[in-house]
Every structure is written in C-alpha cells, then in structure tokens.
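Structure, as structure tokens:
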Amino acid sequence: MFVQVGRPAPKFTLEALVNDKFEKISLDSYEGKWVVLFFYPLDFTFVCPTEILEFSEKAKEFEKLNAVILGCSVDSVYSHKAWTEDLGKLNYPLMSDITRDLSREYGILIEDQGIALRGLYIIDPKGILRYQVVHDNNVGRSPDETLRVLQALQSGKLCKSSWKPGDKHLNEK
C-alpha cells in the first residue's frame with residue numbers, strides 16, 4: 001500500500017519530544033484538526049535546523065488555522081532532546097520514527113541510508129491526506145508556502161498556482 005492524496009493517511013503512535021518531555025502521540029489524537037506532518041533526514045545536520053526553526057516561528061499562524069505541526073525523523077527522542085538544547089525550545093512536537101516504519105509507510109525511507117527524504121503532508125480533520133510533497137534532502141521547505149497551501153485547501157475552492165488569502169478563487173466572478 002502507498003499513500004495517496006484523497007485517501008486516509010497512515011495512522012501512527014510514536015514517542016515524541018513535546019516541549020522538554022517525552023510523550024506518545026498519535027494521529028488519532030488530532031482528529032478535528034488539520035495536521036502538517038513533515039519528515040526530515042536527521043538531527044544535527046545543516047538544512048534541517050533552518051526549516052525546523054522556521055516552522056516553530058510560524059506555529060501560531062498554523063494554530064490560528066486549526067492546524068498542528070508534527071516534525072519527524074528517524075532519530076531517537078534523546079537525540080531530539082540533545083539537539084533542541086542547541087536549537088532552543090520548539091513550538092511543536094518532534095516525533096521519533098526510530099523503527100523507520102512510518103517513513104517506510106509514507107514511502108520516503110531511503111532504505112540503504114536508513115533516513116527519510118524531506119516529505120511534507122497535510123492531513124484534513126477527518127484523517128484524509130490532502131497534500132503531499134517530497135523532494136531531495138538538499139533543499140529545505142518553506143513554512144510560508146505550506147501555510148498558503150493549507151489556506152487554499154481550507155477554502156474548498158479552486159485556487160490558481162499563486163493564490164493567496166484575499167485573492168479571488170477561479171470559480172468566483
């Protein structure tokens with residue numbers, strides 16, 4: 001089975017670093033909210049901190065849209081904790097996919113390296129996958145673009161490629 005937009009997102013329960021504590025979190029616990037789930041290759045790397053910190057800075061904007069951010073890598077929660085001591089407190093959980101099962105289920109595990117590609121998924125409040133983007137690990141993702149796509153999805157209308165909140169939808173006169 002593979003993930004596909006329009007189908008239910010793979011469910012999970014993983015250990016996560018939430019603030020400075022370890023907790024189990026699951027997709028089911030966010031029912032009724034939009035979920036922005038992103039995978040990154042590893043803690044203590046070069047590109048990852050740039051997007052990790054930018055998503056943290058934008059967390060309140062996502063919250064205003066009834067959305068939560070969940071970061072995930074194959075590192076342990078202990079590695080996450082050590083890394084965030086350098087980075088600073090994050091405004092969303094970092095999940096540990098140390099078994100690599102979730103990365104594999106989402107189809108982004110680079111098996112021979114044991115790390116995930118940069119995959120980002122937006123899951124609607126009913127658990128349906130509405131957006132996915134996966135790209136090379138050399139390029140970080142834009143939280144602003146993710147916010148724009150989330151707002152477009154929430155509009156439920158036809159949105160042109162450069163649509164922004166406040167713009168007309170394609171099916172409006």
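Ordering of the structure tokens sets the chain letters (A, B, ...); residue numbers start at 1 within each chain; ligands are numbered from 1 in the order shown.
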Give me the segment 19-54 of chain A side of the contact with segment 127-141 of chain A, cut-off 7 Å, one line per residue showing its nearest atom pair and distance in Å at one decimal, counting only C-alpha atoms, sorted by chain and residue number, as a Markdown table.
| residue | atom | partner | partner_atom | distance |
| --- | --- | --- | --- | --- |
| A:Glu31 | CA | A:Gly127 | CA | 6.9 |
| A:Val47 | CA | A:Gly140 | CA | 6.1 |
| A:Cys48 | CA | A:Gly140 | CA | 7.0 |
| A:Glu51 | CA | A:Gly140 | CA | 6.0 |
Give me, as a VMD selection string, all polymer residues having an atom no more than 7 Å from segment 10-14 of chain A, counting only C-alpha atoms and skipping those fewer than 3 positions away in the same chain. chain A and resid 24 to 27 95 to 97
Could you take the residues named above and write them with C-alpha atoms, as a compact mmCIF listing (two decimals), in the first residue's frame?
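Saved as part-v4.txt:
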# COMPACT_ATOMS: atom_id res chain seq x y z
CA LYS A 24 3.37 9.18 22.99
CA ILE A 25 1.35 10.98 20.35
CA SER A 26 -0.90 9.61 17.65
CA LEU A 27 -2.64 10.86 14.56
CA MET A 95 8.47 12.51 16.77
CA SER A 96 10.91 9.61 16.70
CA ASP A 97 10.49 7.10 13.89
Atom pair atom CA of Gly119 of chain A / atom CA of Leu37 of chain A: separation (Å): 8.2 Å
Where in segment 10-147 of chain A does DSSP assign helix (DSSP H, G or I), given as an MDAnalysis selection string? chainID A and resid 27:30 48:57 59:64 77:87 101:105 143:147
Please give the complete set of residues from chain A that DSSP, run on the backbone, assigns to strand (DSSP E or B), formatted as an MDAnalysis selection string. chainID A and resid 8 13:18 21:26 34:39 67:73 94:96 109:110 115:116 118:123 128:135
Closest of A:Trp83, A:Tyr106, A:Tyr121, A:Tyr92 to Phe44 of chain A, counting only C-alpha atoms, is A:Trp83
A:Ser29, A:Thr50, A:Ser162, A:Ser73 ranked by distance to Ile108 of chain A, top pick (using only C-alpha atoms): A:Ser73
